[in-house]
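S.K.: Structure incoming, see below.
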Amino acid sequence: MNPVQLLAVFAENKPDQLARVTAALASAHLNIHWIGIADVQKFGVIRFLVDRTDLAFDTLKQRGFTVSRVDVLAVEVEDCPGALHIVAKTLSAAGISLNNCSGFVFGRRAIILLETSDLELARQTLAHHGLKILSETEILQL
Amino acid sequence: MTLMYWQRDLETMPRDPLRALQLQRLQDTVARVEACVPFYQSQFASTRFTAAELRTLEDVRRLPFTTNADLRNHYPYGLVAVPPNRLSRLHTSSGTTGKPKAIFFSQRDVDQAAELVARCLIMVGATADDVLQNMMTYGLFTGALVVHYGAEKVGLLVIPAGPGNSERQLLLMRDFGTTLFHCTPSYALYLADFMERHGVDPRRDLKLRKALIGAEAHSEATRAKIEASLGIQAYNSYGLSEMNGPGVAFECEHQQGMHLWEDHYLLEIINPDTGDPVPDGDPGELVLTTLCREAMPLLRYRTRDITAIIPEPCPCGRTHRRLRRITGRSDDMLIVRGVNIYPQQIERILMAVPELGRNYLIELDGLDEMTIKVELSPAHFDGHVEHLVQLESRLVDKIRAEILTKPKLQLVAPGSLPISEGKAKRVIDRRVL
């Protein structure tokens, strides 16, 4: 399996929380490819895709952040109507439900980041239906 | 007929005979602990003191202090002065180390504590016609049971309502015509607020006339607020579990300080730093010696409560000197919405959850709002916000089951709570009482 690793940082809902994390990443010359924040009012989890995951993890850890790695599946689809629907339909037909989903478009390439409780099953299902799964190296080369 | 005193001779005894009675009881107490309490035997030995040297009341200063820590260190039976088969009741008072302080009563102690409460009830004008709703916690805490027994002695109808569940409290007050109630100042304010929100006008809809307010230090402003919002008179009650609970000192009808029953407790006010006595009227730490207690006499117990003696005689005719309102709050117990809570109860739950770190803080605000802030354990963080939400609600349920009131819970980042040096500051009480 070739999951993509995101970093997740716990943050209280306070004004300076994101800035503290980005300052740490910037000082280590880490490049952020993607960011998402899951927020539940009093606290949230900030997630990043960065160019050097291990370095970013160690940097944040050393600075006292509560940080963890999260595996997601990166699926590439065409940037056209109905492309996401193919992914959603395929997963739903296999009875797989999503915990988290986000996406972005880079050039003409659309990337979907997926999280399920069984990533390997999701990967097999999507690959079986001819969908392209990107490795971490591939996604970072975008 | 309204009684003026419960035990007139004792309550109005002139100072000289009262002091003679105190000395005799002090000598008896000291002789007894010297004979049968190993803790005091070793204390006396280390200061080369013998009970026979105690000739005047002032000699009490030669006795060692007894502290909170002594009670914990000699838990559970270390300070008991009677054979085990003479013990008839256990109460406890908890503390920061998790081990409670055990307080034992003999049958005579139970009865005498009730007598003192009876004095207090008569002193505030209660009669056998009154209906007392007792909204303190029944159980190991002394607050409810000791008042309960005293009220039964006077002949009041006692409703052992216990704390919390304001809707039911209101129903009991209505249906049984409650005239007197006993609770904490914060719960009295909460109830007043509750009534207002539910369209209840206590003056019109209820028969309340007086309240016994205790277990928490509170200000004159709080008393005024309780009285105005409920249309009653509220009397300040002082007690501590180590001294039998409620009934140690209580206000009379004049509401100008609390009479401390000096035939049962020898009173000193000391400078808490030096241990030296302060002049009458000056603030200091209250130190009490039991004069009548059988099961567990305590010498010079450091209450950690800050007050001052009011030396002037009181127009009510009682000769027992009065204490000013307690200004320092030092007990570890919290009372939130009338429910007794020990931080240790919450701590025990938090510490058993691997996803949590060790640092936590209990914050109390406004009208009995409790927020528990707890740090996450970095090692258990898995990056999933939904797991944190589940953790939060699981914790709220567990804590609610333990303390019977629903707290707000806030997960915070590891290391974000203040780290205390020495004894942890676990509670920040910003309630305005």
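Residues in the structure tokens are named by chain (A, B, ... in the order shown) and by number from 1 within that chain; ligands are numbered from 1 in the order shown.
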If the cut-off is 9 Å, can you tell me the residues of chain A near chain B, counting only C-alpha atoms? I'd like them as JSON, numbers by chain.

M.R.: {"A": [7, 8, 9, 10, 11, 12, 38, 39, 40, 42, 43, 44, 45, 46, 47, 64, 65, 66, 67, 68, 69, 70, 99]}

S.K.: Which residues are close to Met258 (chain B), i.e. within 8 Å by only C-alpha atoms, leaving aside same-chain residues fewer than 2 positions away? Reply as an mmCIF file with C-alpha atoms, in the first residue's frame.

M.R.:
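What follows is the written file around-v3.cif:
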```
data_model
loop_
_atom_site.group_PDB
_atom_site.id
_atom_site.type_symbol
_atom_site.label_atom_id
_atom_site.label_comp_id
_atom_site.auth_asym_id
_atom_site.auth_seq_id
_atom_site.Cartn_x
_atom_site.Cartn_y
_atom_site.Cartn_z
ATOM 1 C CA ASN B 236 -24.118 32.301 58.729
ATOM 2 C CA SER B 237 -23.086 28.879 59.973
ATOM 3 C CA TYR B 238 -19.526 27.844 60.698
ATOM 4 C CA ALA B 249 -20.240 28.788 65.594
ATOM 5 C CA PHE B 250 -23.472 30.327 64.426
ATOM 6 C CA GLU B 251 -25.135 33.680 64.124
ATOM 7 C CA CYS B 252 -27.874 34.755 66.470
ATOM 8 C CA GLN B 255 -26.584 38.629 62.627
ATOM 9 C CA GLN B 256 -23.434 40.339 63.863
ATOM 10 C CA LEU B 260 -18.648 30.031 69.065
ATOM 11 C CA ARG B 321 -17.723 35.194 72.052
ATOM 12 C CA ARG B 322 -18.395 35.811 68.403
ATOM 13 C CA LEU B 323 -16.260 35.318 65.294
ATOM 14 C CA ARG B 324 -16.253 37.526 62.265
ATOM 15 C CA ARG B 325 -17.109 36.042 58.901
#
```

S.K.: Nearest to Arg108 (chain B): which of B:Arg8, B:Arg72, B:His91, B:Arg293 is it, counting only C-alpha atoms?

M.R.: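 Counting only C-alpha atoms, the residue closest to Arg108 (chain B) is B:Arg293.
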
S.K.: Near Arg304 (chain B), counting only C-alpha atoms, which residues have an atom at most 12 Å away, once you skip same-chain residues fewer than 5 positions from it, shown as a list in words?

M.R.: Phe65, Thr66, Thr67, Asn68, Ala69, Leu240, Glu242, Ile269, Ile270, Asn271, Pro272, Asp273, Gly275, Gly284, Glu285, Leu286, Val287, Leu288, Ile326, Thr327, Gly328, Arg329, Ser330, Asp331 and Asp332 of chain B

S.K.: Please identify all polymer residues within 10 Å of Leu25 (chain A), counting only C-alpha atoms, omitting same-chain residues fewer than 6 positions from it, and present them as a PyMOL selection string.

M.R.: chain A and resi 19+31-32+50+55-57+59-60

S.K.: I need the chosen residues saved as an mmCIF file, in the first residue's frame, with N, CA and C atoms.

M.R.:
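Result written to selection00.cif:
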```cif
data_model
loop_
_atom_site.group_PDB
_atom_site.id
_atom_site.type_symbol
_atom_site.label_atom_id
_atom_site.label_comp_id
_atom_site.auth_asym_id
_atom_site.auth_seq_id
_atom_site.Cartn_x
_atom_site.Cartn_y
_atom_site.Cartn_z
ATOM 1 N N ALA A 19 -0.613 30.213 13.679
ATOM 2 C CA ALA A 19 0.633 30.955 13.443
ATOM 3 C C ALA A 19 1.817 30.283 14.146
ATOM 4 N N ASN A 31 7.957 23.041 3.223
ATOM 5 C CA ASN A 31 6.950 23.564 2.308
ATOM 6 C C ASN A 31 5.621 22.845 2.521
ATOM 7 N N ILE A 32 4.572 23.614 2.628
ATOM 8 C CA ILE A 32 3.258 23.030 2.856
ATOM 9 C C ILE A 32 2.538 22.860 1.520
ATOM 10 N N VAL A 50 3.261 18.075 3.925
ATOM 11 C CA VAL A 50 4.486 18.856 3.751
ATOM 12 C C VAL A 50 5.498 18.070 2.932
ATOM 13 N N LEU A 55 10.961 15.263 8.961
ATOM 14 C CA LEU A 55 11.579 16.472 9.517
ATOM 15 C C LEU A 55 10.511 17.356 10.176
ATOM 16 N N ALA A 56 9.382 17.481 9.513
ATOM 17 C CA ALA A 56 8.303 18.305 10.057
ATOM 18 C C ALA A 56 7.789 17.728 11.383
ATOM 19 N N PHE A 57 7.654 16.401 11.398
ATOM 20 C CA PHE A 57 7.189 15.736 12.619
ATOM 21 C C PHE A 57 8.153 16.015 13.781
ATOM 22 N N THR A 59 10.393 18.394 14.034
ATOM 23 C CA THR A 59 10.438 19.821 14.354
ATOM 24 C C THR A 59 9.278 20.204 15.275
ATOM 25 N N LEU A 60 8.090 19.755 14.907
ATOM 26 C CA LEU A 60 6.908 20.114 15.712
ATOM 27 C C LEU A 60 6.979 19.473 17.092
#
```

S.K.: Just the helix (DSSP H, G or I) stuff from region 335-377 of chain B, please, per backbone DSSP, written as number ranges by chain.

M.R.: B: 343-351

S.K.: Could you check which of B:Ala144, B:Leu26, B:Met4, B:Leu417 is closest to Pro246 (chain B), using only C-alpha atoms?

M.R.: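 Residue with the minimum atom-to-atom distance to Pro246 (chain B): B:Ala144.
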
S.K.: Pick out the closest residue to Asp71 (chain A) from this set: A:Ala24, A:Leu119, A:Ile35, A:Leu18. Count only C-alpha atoms.

M.R.: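 Checking each of A:Ala24, A:Leu119, A:Ile35, A:Leu18 against Asp71 (chain A), counting only C-alpha atoms, the winner is A:Leu119.
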
S.K.: Tell me, in Å to one decimal, how far CA of Ser97 (chain A) is from CA of Gln41 (chain A).

M.R.: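 Going from CA of Ser97 (chain A) over to CA of Gln41 (chain A) covers 24.5 Å.
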
S.K.: Neighbouring residues of region 402-406 of chain B were defined as those with any atom within 9 Å, considering only C-alpha atoms; residues of the same chain fewer than 2 positions away were excluded. Please report them as JSON, numbers by chain.

M.R.: {"B": [164, 336, 337, 339, 340, 341, 342, 345, 346, 349, 370, 396, 397, 398, 399, 400, 408]}

S.K.: Could you write out that same residue set with C-alpha atoms as a tab-separated table (two decimals), in the first residue's frame?

M.R.:
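Okay, selection-v3.tsv is ready:
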```
chain	number	residue	atom	x	y	z
B	164	GLY	CA	-29.15	19.25	43.75
B	336	VAL	CA	-21.03	23.25	43.19
B	337	ARG	CA	-24.79	23.61	42.84
B	339	VAL	CA	-23.19	19.15	45.63
B	340	ASN	CA	-19.98	18.40	47.51
B	341	ILE	CA	-17.14	17.67	45.19
B	342	TYR	CA	-13.61	16.76	46.02
B	345	GLN	CA	-12.97	12.49	42.61
B	346	ILE	CA	-12.44	14.21	39.29
B	349	ILE	CA	-11.39	9.70	36.67
B	370	MET	CA	-17.66	24.36	36.51
B	396	VAL	CA	-18.33	14.24	30.74
B	397	ASP	CA	-20.52	11.16	31.26
B	398	LYS	CA	-18.05	9.55	33.65
B	399	ILE	CA	-17.57	12.69	35.69
B	400	ARG	CA	-21.27	13.36	35.82
B	408	LYS	CA	-18.02	21.59	31.04
```

S.K.: How far is it from CA of Ala102 (chain B) to CA of Leu145 (chain B), in Å with one decimal?

M.R.: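 Going from CA of Ala102 (chain B) over to CA of Leu145 (chain B), I get 15.7 Å.
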
S.K.: Measuring between only C-alpha atoms, which one of B:Asp205, B:Val427, B:Leu191, B:Arg348 shows the shortest distance to Leu367 (chain B)?

M.R.: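 Smallest separation from Leu367 (chain B) among the options: B:Leu191.
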